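To be precise, the following lines are coords-v8.cif, and they hold mmCIF, C-alpha atoms.
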```cif
data_protein
loop_
_atom_site.label_atom_id
_atom_site.label_comp_id
_atom_site.auth_asym_id
_atom_site.auth_seq_id
_atom_site.Cartn_x
_atom_site.Cartn_y
_atom_site.Cartn_z
CA MET A 1 -62.62 24.86 7.75
CA ASP A 2 -59.06 24.30 8.92
CA ASP A 3 -57.17 21.94 6.56
CA LYS A 4 -56.36 19.36 9.22
CA LEU A 5 -59.90 19.35 10.55
CA LEU A 6 -61.23 18.91 7.01
CA ILE A 7 -58.95 15.91 6.42
CA ALA A 8 -59.79 14.34 9.78
CA SER A 9 -63.56 14.85 9.22
CA ARG A 10 -63.40 13.09 5.88
CA VAL A 11 -61.33 10.21 7.30
CA ALA A 12 -63.82 9.80 10.17
CA GLN A 13 -66.50 8.94 7.58
CA GLU A 14 -64.45 5.92 6.51
CA LEU A 15 -64.71 4.26 9.95
CA ARG A 16 -67.45 1.68 10.42
CA PRO A 17 -69.20 0.56 13.64
CA GLY A 18 -67.74 -2.45 15.36
CA THR A 19 -64.28 -2.11 13.80
CA LEU A 20 -60.82 -1.94 15.37
CA VAL A 21 -58.92 1.19 14.35
CA ASN A 22 -55.38 2.42 15.04
CA LEU A 23 -54.60 6.12 14.66
CA GLY A 24 -51.09 7.43 14.16
CA ILE A 25 -49.65 10.32 16.14
CA GLY A 26 -50.46 13.86 14.96
CA LEU A 27 -53.15 14.62 12.38
CA PRO A 28 -54.67 11.10 12.51
CA THR A 29 -55.27 11.45 16.27
CA LEU A 30 -57.78 14.22 15.48
CA VAL A 31 -60.06 11.62 13.87
CA ALA A 32 -61.01 10.06 17.24
CA SER A 33 -62.66 13.27 18.43
CA LEU A 34 -64.75 13.51 15.22
CA VAL A 35 -66.35 10.09 15.52
CA PRO A 36 -69.77 10.01 17.25
CA ARG A 37 -69.49 8.75 20.84
CA ASP A 38 -72.00 5.96 20.15
CA ALA A 39 -70.21 4.83 16.96
CA GLN A 40 -68.92 1.66 18.64
CA ILE A 41 -65.50 1.99 17.09
CA PHE A 42 -62.67 0.48 19.11
CA PHE A 43 -59.48 2.49 19.02
CA GLN A 44 -56.24 0.65 19.61
CA SER A 45 -53.10 2.31 20.87
CA GLU A 46 -50.07 0.17 20.02
CA ASN A 47 -48.55 0.56 23.49
CA GLY A 48 -51.13 -1.99 24.58
CA ILE A 49 -54.82 -1.08 24.74
CA ILE A 50 -58.07 -1.52 22.83
CA GLY A 51 -60.80 0.86 23.92
CA MET A 52 -58.83 4.03 24.55
CA GLN A 53 -60.82 7.18 25.04
CA SER A 54 -60.05 10.84 25.26
CA VAL A 55 -58.01 12.55 27.96
CA PRO A 56 -59.44 12.15 31.45
CA GLU A 57 -60.56 15.07 33.55
CA HIS A 58 -57.60 16.86 35.12
CA GLY A 59 -56.72 15.17 38.39
CA LEU A 60 -58.07 11.76 37.31
CA GLU A 61 -55.07 10.75 35.19
CA ASP A 62 -53.48 7.33 35.80
CA ASP A 63 -49.70 7.24 35.23
CA ASP A 64 -50.05 3.69 33.90
CA LEU A 65 -52.78 4.49 31.34
CA THR A 66 -51.37 6.38 28.37
CA ASP A 67 -51.39 6.56 24.58
CA ALA A 68 -48.42 5.83 22.31
CA GLY A 69 -47.14 9.35 22.87
CA GLY A 70 -47.10 8.82 26.65
CA ARG A 71 -50.08 11.14 27.21
CA PRO A 72 -52.82 10.23 29.71
CA ILE A 73 -55.94 8.60 28.28
CA SER A 74 -58.99 6.91 29.75
CA ALA A 75 -60.46 3.53 28.94
CA LEU A 76 -63.99 2.70 27.78
CA PRO A 77 -66.01 0.01 29.52
CA GLY A 78 -64.98 -3.18 27.69
CA ALA A 79 -61.42 -2.00 27.15
CA ALA A 80 -58.59 -4.54 27.14
CA THR A 81 -54.89 -4.10 27.86
CA PHE A 82 -52.05 -6.38 26.77
CA ASP A 83 -48.32 -6.59 26.13
CA SER A 84 -46.45 -5.43 23.02
CA ALA A 85 -46.33 -8.87 21.40
CA MET A 86 -50.13 -9.15 21.60
CA SER A 87 -50.52 -5.56 20.42
CA PHE A 88 -48.51 -6.28 17.28
CA GLY A 89 -50.07 -9.70 16.88
CA LEU A 90 -53.36 -7.83 16.50
CA ILE A 91 -51.75 -5.48 13.98
CA ARG A 92 -49.71 -7.96 11.95
CA GLY A 93 -52.14 -10.85 12.25
CA GLY A 94 -54.95 -9.24 10.26
CA HIS A 95 -57.13 -8.33 13.27
CA LEU A 96 -56.84 -4.58 12.76
CA ASP A 97 -59.52 -3.28 10.40
CA VAL A 98 -58.12 0.18 9.67
CA THR A 99 -55.00 2.20 10.36
CA VAL A 100 -54.82 5.93 9.69
CA LEU A 101 -51.28 7.27 9.28
CA GLY A 102 -49.53 10.43 8.23
CA GLY A 103 -47.34 10.47 5.13
CA LEU A 104 -44.23 12.15 3.74
CA GLN A 105 -44.65 10.69 0.22
CA VAL A 106 -47.09 8.35 -1.53
CA ASP A 107 -46.33 7.03 -5.00
CA ARG A 108 -48.84 6.60 -7.86
CA ASN A 109 -49.55 2.99 -6.86
CA GLY A 110 -49.84 3.70 -3.13
CA ARG A 111 -46.42 2.88 -1.74
CA LEU A 112 -45.89 5.00 1.36
CA ALA A 113 -42.80 6.67 2.84
CA ASN A 114 -43.46 8.14 6.26
CA TRP A 115 -40.65 7.38 8.69
CA MET A 116 -37.41 9.10 7.77
CA VAL A 117 -35.68 11.80 5.74
CA PRO A 118 -32.07 10.63 5.34
CA GLY A 119 -29.61 13.13 6.76
CA LYS A 120 -32.37 15.27 8.28
CA MET A 121 -34.81 13.34 10.40
CA VAL A 122 -34.34 9.80 11.67
CA PRO A 123 -36.98 9.31 14.36
CA GLY A 124 -37.42 5.58 13.75
CA MET A 125 -40.34 3.69 12.33
CA GLY A 126 -42.03 2.86 15.63
CA GLY A 127 -45.05 0.75 14.72
CA ALA A 128 -45.57 2.21 11.22
CA MET A 129 -43.97 -0.64 9.25
CA ASP A 130 -46.04 -3.28 11.06
CA LEU A 131 -49.22 -1.19 10.70
CA VAL A 132 -48.86 -0.66 6.95
CA THR A 133 -47.86 -4.28 6.40
CA GLY A 134 -50.59 -5.82 8.57
CA ALA A 135 -53.72 -3.66 8.72
CA ARG A 136 -56.62 -4.73 6.50
CA ARG A 137 -57.08 -1.17 5.26
CA VAL A 138 -54.52 1.65 5.30
CA ILE A 139 -55.66 5.26 5.02
CA VAL A 140 -53.10 8.05 4.66
CA ALA A 141 -54.20 11.40 6.09
CA MET A 142 -51.83 14.18 5.10
CA THR A 143 -51.51 17.65 3.62
CA HIS A 144 -51.38 17.46 -0.18
CA THR A 145 -47.99 19.20 -0.47
CA ALA A 146 -45.19 20.19 1.91
CA LYS A 147 -43.87 23.75 1.52
CA GLY A 148 -44.88 23.64 -2.16
CA GLU A 149 -43.17 20.29 -2.78
CA HIS A 150 -45.17 17.39 -4.15
CA LYS A 151 -45.90 14.56 -1.71
CA ILE A 152 -47.96 12.47 -4.14
CA VAL A 153 -45.36 11.42 -6.68
CA ASP A 154 -44.52 8.97 -9.48
CA SER A 155 -41.96 7.23 -7.33
CA CYS A 156 -40.95 7.78 -3.68
CA THR A 157 -37.47 9.23 -3.18
CA LEU A 158 -37.65 8.65 0.59
CA PRO A 159 -37.21 5.19 2.21
CA LEU A 160 -40.42 3.15 2.01
CA THR A 161 -42.42 2.12 5.07
CA SER A 162 -43.65 -1.04 3.36
CA THR A 163 -44.04 -2.45 -0.14
CA ARG A 164 -47.76 -2.93 0.60
CA CYS A 165 -49.80 -0.25 -1.18
CA VAL A 166 -52.15 1.95 0.84
CA ASP A 167 -55.88 1.96 0.11
CA LEU A 168 -56.88 5.62 0.32
CA VAL A 169 -55.23 9.04 0.55
CA VAL A 170 -57.17 11.94 2.07
CA THR A 171 -55.79 15.49 1.77
CA GLU A 172 -57.21 19.02 2.11
CA LEU A 173 -57.69 19.07 -1.68
CA ALA A 174 -58.96 15.62 -2.56
CA VAL A 175 -59.66 11.98 -1.83
CA LEU A 176 -57.44 9.73 -3.95
CA GLN A 177 -57.30 6.00 -4.49
CA PRO A 178 -53.98 4.55 -5.62
CA THR A 179 -54.41 1.84 -8.25
CA PRO A 180 -52.00 -0.35 -10.26
CA GLU A 181 -52.64 2.08 -13.18
CA GLY A 182 -52.00 5.23 -11.15
CA MET A 183 -53.67 7.71 -8.80
CA LEU A 184 -57.46 7.84 -9.20
CA LEU A 185 -59.23 11.07 -8.24
CA LYS A 186 -62.26 10.07 -6.14
CA GLU A 187 -63.49 13.32 -4.61
CA LEU A 188 -62.67 17.02 -4.61
CA ALA A 189 -62.68 19.19 -1.50
CA PRO A 190 -65.32 21.96 -1.56
CA GLY A 191 -64.27 24.77 -3.91
CA VAL A 192 -61.26 22.90 -5.33
CA SER A 193 -60.87 22.26 -9.10
CA ILE A 194 -59.43 19.21 -10.83
CA GLU A 195 -56.70 21.48 -12.24
CA GLN A 196 -55.71 22.63 -8.75
CA VAL A 197 -55.35 19.04 -7.57
CA GLN A 198 -53.35 18.07 -10.67
CA THR A 199 -50.97 21.02 -10.21
CA ALA A 200 -50.39 20.00 -6.59
CA THR A 201 -49.81 16.36 -7.56
CA GLY A 202 -46.52 14.97 -8.92
CA THR A 203 -48.10 12.18 -10.94
CA PRO A 204 -50.84 12.22 -13.63
CA LEU A 205 -54.29 11.80 -12.10
CA ILE A 206 -56.82 9.36 -13.47
CA VAL A 207 -59.96 11.52 -13.68
CA PRO A 208 -63.34 9.80 -14.05
CA PRO A 209 -66.18 11.58 -15.95
CA HIS A 210 -67.83 12.70 -12.72
CA VAL A 211 -65.86 13.61 -9.57
CA PRO A 212 -68.11 14.24 -6.56
CA THR A 213 -67.42 16.85 -3.90
CA MET A 214 -66.26 15.67 -0.47
CA SER A 215 -69.07 15.87 2.03
CA VAL A 216 -67.74 17.28 5.26
CA ALA A 217 -69.77 18.07 8.32
CA MET B 1 -33.90 -17.58 50.50
CA SER B 2 -35.15 -14.07 49.94
CA LYS B 3 -34.89 -12.69 46.42
CA THR B 4 -35.17 -9.14 47.68
CA LEU B 5 -32.38 -6.64 47.03
CA LYS B 6 -32.08 -2.90 47.48
CA ALA B 7 -31.96 -1.01 44.18
CA ALA B 8 -28.45 0.26 44.95
CA ASP B 9 -27.15 -3.27 45.67
CA ALA B 10 -28.80 -4.75 42.57
CA VAL B 11 -27.34 -2.08 40.30
CA ALA B 12 -23.89 -2.41 41.95
CA ARG B 13 -23.75 -5.94 40.47
CA ILE B 14 -24.25 -4.64 36.91
CA PRO B 15 -20.85 -4.18 35.22
CA ASP B 16 -19.95 -1.37 32.83
CA GLY B 17 -20.68 -2.41 29.26
CA ALA B 18 -23.63 -4.62 30.23
CA VAL B 19 -26.47 -5.34 27.80
CA LEU B 20 -29.75 -4.23 29.40
CA MET B 21 -33.33 -4.76 28.35
CA ILE B 22 -35.49 -2.08 29.95
CA GLY B 23 -39.29 -2.09 30.09
CA GLY B 24 -41.43 0.90 29.27
CA PHE B 25 -43.06 2.89 26.51
CA MET B 26 -42.23 6.61 26.63
CA GLY B 27 -41.26 6.11 30.27
CA VAL B 28 -44.55 4.41 31.19
CA GLY B 29 -43.77 1.03 32.75
CA THR B 30 -40.07 1.88 33.14
CA PRO B 31 -38.37 0.90 36.45
CA HIS B 32 -37.48 4.42 37.59
CA ARG B 33 -35.54 3.56 40.76
CA LEU B 34 -33.20 1.22 38.87
CA ILE B 35 -32.66 3.91 36.20
CA ASP B 36 -31.86 6.48 38.88
CA GLU B 37 -29.32 4.08 40.45
CA LEU B 38 -27.65 3.43 37.07
CA VAL B 39 -27.19 7.18 36.76
CA ARG B 40 -26.04 7.65 40.37
CA GLN B 41 -23.47 4.83 40.08
CA ARG B 42 -22.48 6.04 36.57
CA LYS B 43 -22.53 2.67 34.83
CA GLN B 44 -20.76 3.26 31.51
CA GLY B 45 -20.90 1.88 27.99
CA LEU B 46 -24.33 0.30 28.30
CA THR B 47 -26.27 -1.34 25.51
CA VAL B 48 -29.98 -0.61 25.94
CA ILE B 49 -32.67 -2.69 24.27
CA ALA B 50 -36.04 -0.97 24.72
CA ASN B 51 -38.98 0.37 22.74
CA ASP B 52 -37.76 3.98 22.82
CA THR B 53 -35.51 6.41 24.69
CA ALA B 54 -38.45 8.47 26.02
CA ARG B 55 -37.70 12.17 26.43
CA PRO B 56 -34.72 14.00 27.95
CA GLY B 57 -34.89 13.59 31.72
CA VAL B 58 -37.63 10.93 31.56
CA GLY B 59 -37.08 7.18 32.06
CA ILE B 60 -34.41 5.83 29.71
CA GLY B 61 -33.85 9.44 28.62
CA LYS B 62 -31.95 9.93 31.90
CA LEU B 63 -29.37 7.33 30.81
CA ILE B 64 -28.97 9.13 27.48
CA THR B 65 -28.62 12.55 29.13
CA ALA B 66 -25.96 11.12 31.50
CA ARG B 67 -24.11 9.73 28.41
CA LEU B 68 -24.01 6.20 29.80
CA VAL B 69 -25.28 4.47 26.65
CA ARG B 70 -23.04 3.20 23.85
CA LYS B 71 -25.68 1.40 21.79
CA VAL B 72 -29.47 1.54 21.54
CA ILE B 73 -31.70 -1.06 19.91
CA ALA B 74 -35.17 0.56 19.74
CA SER B 75 -38.13 1.23 17.46
CA HIS B 76 -38.22 4.98 17.97
CA ILE B 77 -35.87 7.74 19.13
CA GLY B 78 -37.76 10.70 17.63
CA THR B 79 -39.04 12.02 20.95
CA ASN B 80 -35.54 12.37 22.38
CA PRO B 81 -33.39 14.94 20.52
CA GLU B 82 -30.40 14.04 22.74
CA THR B 83 -30.39 10.46 21.41
CA GLN B 84 -30.47 11.82 17.86
CA ALA B 85 -27.70 14.36 18.58
CA GLN B 86 -25.45 11.69 20.15
CA MET B 87 -26.18 9.39 17.20
CA ILE B 88 -25.24 12.08 14.66
CA ALA B 89 -22.06 12.85 16.68
CA GLY B 90 -21.16 9.15 16.53
CA ASP B 91 -21.29 8.70 20.32
CA ILE B 92 -24.24 6.30 20.25
CA GLU B 93 -24.85 3.50 17.82
CA VAL B 94 -28.58 3.18 17.07
CA GLU B 95 -30.24 0.11 15.56
CA LEU B 96 -33.84 0.92 14.61
CA VAL B 97 -36.19 -2.06 14.60
CA PRO B 98 -39.91 -2.04 13.71
CA GLN B 99 -41.83 -2.18 16.98
CA GLY B 100 -43.62 -5.45 16.32
CA THR B 101 -40.37 -7.04 15.16
CA LEU B 102 -38.59 -5.79 18.29
CA ALA B 103 -41.28 -7.37 20.50
CA GLU B 104 -40.99 -10.66 18.63
CA ARG B 105 -37.17 -10.67 18.62
CA VAL B 106 -37.22 -10.27 22.40
CA ARG B 107 -39.92 -12.91 22.68
CA ALA B 108 -37.90 -15.30 20.51
CA GLY B 109 -34.86 -14.71 22.72
CA GLY B 110 -36.84 -15.62 25.81
CA PHE B 111 -38.89 -18.44 24.34
CA GLY B 112 -36.05 -20.47 22.84
CA LEU B 113 -36.85 -19.77 19.20
CA GLY B 114 -34.11 -19.52 16.59
CA ALA B 115 -35.59 -16.67 14.56
CA VAL B 116 -38.60 -14.52 13.81
CA VAL B 117 -40.07 -14.82 10.32
CA THR B 118 -42.07 -11.66 9.61
CA PRO B 119 -43.52 -9.81 6.61
CA THR B 120 -42.69 -6.46 8.23
CA GLY B 121 -39.76 -4.66 6.61
CA VAL B 122 -39.60 -6.73 3.41
CA GLY B 123 -38.48 -4.50 0.52
CA THR B 124 -37.37 -1.66 2.84
CA VAL B 125 -34.02 -0.56 4.27
CA VAL B 126 -34.77 -2.78 7.28
CA ALA B 127 -34.24 -5.81 5.03
CA GLU B 128 -30.72 -4.80 3.98
CA GLY B 129 -28.22 -7.59 4.71
CA LYS B 130 -30.90 -9.94 6.03
CA ARG B 131 -32.10 -13.28 4.74
CA THR B 132 -35.57 -13.67 3.25
CA ILE B 133 -37.68 -16.81 3.15
CA GLU B 134 -40.52 -17.57 0.73
CA ILE B 135 -43.40 -19.51 2.23
CA ASP B 136 -46.45 -20.34 0.10
CA GLY B 137 -45.48 -17.63 -2.37
CA ARG B 138 -45.13 -14.88 0.23
CA VAL B 139 -41.78 -13.33 1.18
CA PHE B 140 -40.80 -12.98 4.83
CA LEU B 141 -37.80 -11.45 6.55
CA LEU B 142 -35.72 -13.55 8.90
CA GLU B 143 -34.96 -11.58 12.07
CA LEU B 144 -32.72 -12.87 14.85
CA PRO B 145 -33.58 -13.24 18.55
CA LEU B 146 -32.41 -10.73 21.15
CA ARG B 147 -31.17 -11.52 24.66
CA ALA B 148 -29.62 -9.40 27.41
CA ASP B 149 -27.41 -9.74 30.47
CA TYR B 150 -30.02 -8.00 32.63
CA ALA B 151 -33.73 -7.25 32.26
CA LEU B 152 -34.96 -4.24 34.22
CA VAL B 153 -38.66 -4.89 34.69
CA ASN B 154 -41.37 -2.64 36.10
CA ALA B 155 -44.44 -4.35 37.59
CA ARG B 156 -47.52 -3.18 39.46
CA GLN B 157 -47.25 -6.00 41.99
CA ALA B 158 -44.74 -8.64 43.00
CA ASP B 159 -45.45 -11.23 45.65
CA HIS B 160 -42.74 -12.42 48.07
CA ILE B 161 -41.47 -15.11 45.69
CA GLY B 162 -41.52 -12.84 42.60
CA ASN B 163 -44.74 -13.57 40.76
CA LEU B 164 -45.54 -10.41 38.79
CA ALA B 165 -48.66 -8.57 37.63
CA TYR B 166 -48.60 -5.47 35.45
CA ALA B 167 -50.77 -2.36 35.18
CA LEU B 168 -52.70 -1.25 32.07
CA THR B 169 -50.39 0.21 29.40
CA ALA B 170 -47.38 -0.04 31.74
CA ARG B 171 -47.20 -3.72 30.77
CA ASN B 172 -45.84 -3.20 27.21
CA PHE B 173 -42.41 -4.89 26.87
CA ASN B 174 -42.05 -5.91 30.54
CA PRO B 175 -43.36 -9.50 30.42
CA LEU B 176 -41.34 -10.10 27.22
CA ILE B 177 -37.99 -8.89 28.60
CA ALA B 178 -38.59 -10.82 31.83
CA MET B 179 -38.08 -13.99 29.77
CA ALA B 180 -35.06 -12.88 27.75
CA ALA B 181 -32.22 -12.01 30.14
CA ASP B 182 -29.73 -13.93 32.29
CA VAL B 183 -30.61 -11.84 35.36
CA VAL B 184 -34.10 -10.40 35.82
CA LEU B 185 -34.52 -7.47 38.23
CA ALA B 186 -38.18 -6.73 38.98
CA GLU B 187 -39.05 -3.33 40.40
CA PRO B 188 -42.66 -3.54 41.62
CA GLN B 189 -44.78 -0.61 42.74
CA GLU B 190 -46.09 -2.82 45.53
CA ILE B 191 -44.89 -6.05 47.22
CA VAL B 192 -47.61 -8.34 48.54
CA PRO B 193 -47.70 -11.70 50.38
CA VAL B 194 -47.81 -14.90 48.35
CA GLY B 195 -51.41 -15.63 47.38
CA VAL B 196 -52.53 -12.03 47.03
CA ILE B 197 -51.97 -12.22 43.27
CA PRO B 198 -54.34 -15.03 42.17
CA PRO B 199 -52.70 -17.64 39.89
CA ASP B 200 -54.83 -16.54 36.94
CA ALA B 201 -53.62 -12.95 37.38
CA VAL B 202 -49.89 -13.78 37.45
CA MET B 203 -48.46 -12.53 34.15
CA THR B 204 -44.82 -13.43 34.80
CA PRO B 205 -44.21 -16.53 36.93
CA SER B 206 -41.74 -16.15 39.82
CA VAL B 207 -39.28 -18.72 38.45
CA VAL B 208 -37.91 -16.25 35.88
CA VAL B 209 -37.44 -13.40 38.37
CA THR B 210 -33.93 -13.30 39.88
CA HIS B 211 -34.41 -10.40 42.30
CA ILE B 212 -37.25 -8.26 43.58
CA ILE B 213 -36.19 -4.67 44.18
CA ALA B 214 -37.08 -3.79 47.77
CA ARG B 215 -39.38 -0.92 48.60
CA GLU B 216 -37.68 2.03 50.21
CA SER B 217 -39.08 2.05 53.73
CA ALA B 218 -41.28 5.00 54.56
CA HIS B 219 -40.32 4.51 58.23
CA GLY B 220 -36.53 4.88 57.92
#
```
This entry written out as structure tokens:
Amino acid sequence: MDDKLLIASRVAQELRPGTLVNLGIGLPTLVASLVPRDAQIFFQSENGIIGMQSVPEHGLEDDDLTDAGGRPISALPGAATFDSAMSFGLIRGGHLDVTVLGGLQVDRNGRLANWMVPGKMVPGMGGAMDLVTGARRVIVAMTHTAKGEHKIVDSCTLPLTSTRCVDLVVTELAVLQPTPEGMLLKELAPGVSIEQVQTATGTPLIVPPHVPTMSVA
Amino acid sequence: MSKTLKAADAVARIPDGAVLMIGGFMGVGTPHRLIDELVRQRKQGLTVIANDTARPGVGIGKLITARLVRKVIASHIGTNPETQAQMIAGDIEVELVPQGTLAERVRAGGFGLGAVVTPTGVGTVVAEGKRTIEIDGRVFLLELPLRADYALVNARQADHIGNLAYALTARNFNPLIAMAADVVLAEPQEIVPVGVIPPDAVMTPSVVVTHIIARESAHG
């Protein structure tokens, strides 16, 4: 299975019926297509909608109905639209159950850096700082390393997105849970060894006696 | 007295160096005719307060491409390489603000509040040089209100006195900026008689709208 699809499939299992979920641009967006259609999960797009659904049939797009990347979407029956203050009131006010975001670095306790590389890439934080600060549960979906460099590290060298620690990290190698004591290894991807994950990780893993294998559809 | 103005006449009143709030999210809900007039009349040295600078050639991206912008206050410029290039060259000053904080700073400016007190950005580079406040053991960042000389608002409908209703995700920052500027220019997709927008459906009341941008007649 393709790495990104593997990550997105595992993240999709974390989403519960009846919850409000916000997906970041890129890899996290894949998750929406892997959730059963009858799962009753409400996806929020921070540009102002709850109940977004996949791209409409060509020719049925509405210029005023888009996702946060400006791409056409459709709306489920029961969808709601609102302004940006309401959208971020939902996010910051504790009404958002889960956010799934990409990451550049995560430290051993779960502090996330995902919005800039000084001197190289300064896109802006968009909604990421509000999402990490306000969502009830933050899941980071990212590749385990970047061009051989560690992304899961003792301490982030890139500017933080928030001081709030994320709840779960899902990569193509493992599922990890940051704790105050360090990074706990929760699951291994099929065919991956504990040693492989440790080599690809820039902080000592806490390894329980039994580490189950990720179940991916 | 009619509030209606042609786009060209409304933009002619905007001086060089003006501070503009512009609605839209990646160009969706952006008043495109007003943007085109700003470019055509080459208004210089603008400060733009908006969610993003869209893409080159799209929405606010047209102002960037035409090099009319001196300063941008936005949450995201990553989709427009021209904004980033002009920032690196020192031609544009960019202040990046978390999106929820930007919405609330605009809201505070329009709602008469002295500050926004938010947990977002605490302990990050966003907090540098800003005051923090501890309330019940939790630390918050004190962010200041934003106001503008002009708000350039896109709406789905305006009635003849300027009540506004917005469409779907084109609403975004529009109702917020409509409260936070000295002069509010509303560019509706459709102008309807008073009463067509039911009171419950009015999202911005007419009293805050200075001018309605006239439709270009299809009949010459």
Per-residue nearest contacts of chain A to chain B (8 Å; all atoms listed in the file) as a Markdown table:
```
| residue | atom | partner | partner_atom | distance |
| --- | --- | --- | --- | --- |
| A:Asn47 | CA | B:Asn172 | CA | 5.9 |
| A:Gly48 | CA | B:Thr169 | CA | 5.3 |
| A:Ile49 | CA | B:Thr169 | CA | 6.6 |
| A:Asp63 | CA | B:Val28 | CA | 7.1 |
| A:Asp64 | CA | B:Ala170 | CA | 5.1 |
| A:Leu65 | CA | B:Thr169 | CA | 5.3 |
| A:Thr66 | CA | B:Thr169 | CA | 6.3 |
| A:Ala68 | CA | B:Phe25 | CA | 7.4 |
| A:Gly69 | CA | B:Met26 | CA | 6.8 |
| A:Gly70 | CA | B:Met26 | CA | 5.3 |
| A:Thr81 | CA | B:Leu168 | CA | 5.5 |
| A:Phe82 | CA | B:Arg171 | CA | 6.8 |
| A:Asp83 | CA | B:Asn172 | CA | 4.3 |
| A:Ser84 | CA | B:Asn172 | CA | 4.8 |
| A:Ala85 | CA | B:Ala103 | CA | 5.3 |
| A:Phe88 | CA | B:Gly100 | CA | 5.1 |
| A:Gly89 | CA | B:Gly100 | CA | 7.7 |
| A:Arg92 | CA | B:Gly100 | CA | 7.9 |
| A:Val122 | CA | B:Gly78 | CA | 6.9 |
| A:Pro123 | CA | B:Gly78 | CA | 3.6 |
| A:Gly124 | CA | B:His76 | CA | 4.3 |
| A:Met125 | CA | B:Pro98 | CA | 5.9 |
| A:Gly126 | CA | B:Ser75 | CA | 4.6 |
| A:Gly127 | CA | B:Gln99 | CA | 4.9 |
| A:Ala128 | CA | B:Pro98 | CA | 7.5 |
| A:Met129 | CA | B:Thr120 | CA | 6.0 |
| A:Asp130 | CA | B:Thr120 | CA | 5.4 |
| A:Thr133 | CA | B:Thr120 | CA | 5.9 |
| A:Gly134 | CA | B:Thr120 | CA | 7.9 |
| A:Pro159 | CA | B:Thr124 | CA | 6.9 |
| A:Leu160 | CA | B:Thr124 | CA | 5.8 |
| A:Thr161 | CA | B:Thr124 | CA | 6.7 |
| A:Ser162 | CA | B:Gly121 | CA | 6.2 |
| A:Thr163 | CA | B:Gly123 | CA | 6.0 |
```
message: Using only C-alpha atoms, which protein or nucleic acid residues come within 9 Å of Pro31 of chain B? Drop anything in the same chain fewer than 4 positions from it, and give the result as a ChimeraX atom specification.
response: /B:22-24,27,35-36,59,152-155,186-188
- prompt: Distance atom CA of Val132 of chain A-atom CA of Gly61 of chain B, one decimal place?
  reply: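 Atom CA of Val132 of chain A sits 28.2 Å away from atom CA of Gly61 of chain B.
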message: When you count all atoms listed in the file, which of these residues is closest to Ile49 of chain B: B:Asp16, B:Glu128, B:Glu143, B:Asp149?
response: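 So, comparing all the options, the nearest one is B:Asp149.
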Taking all atoms of segment 63-82 of chain A that appear in the file, build a box with edges along x, y and z, extend it by 5 Å on every side, and state its centre and edge lengths in Å to one decimal, as JSON.
```
{"center_x": -56.6, "center_y": 2.4, "center_z": 28.8, "size_x": 28.9, "size_y": 27.5, "size_z": 22.9}
```
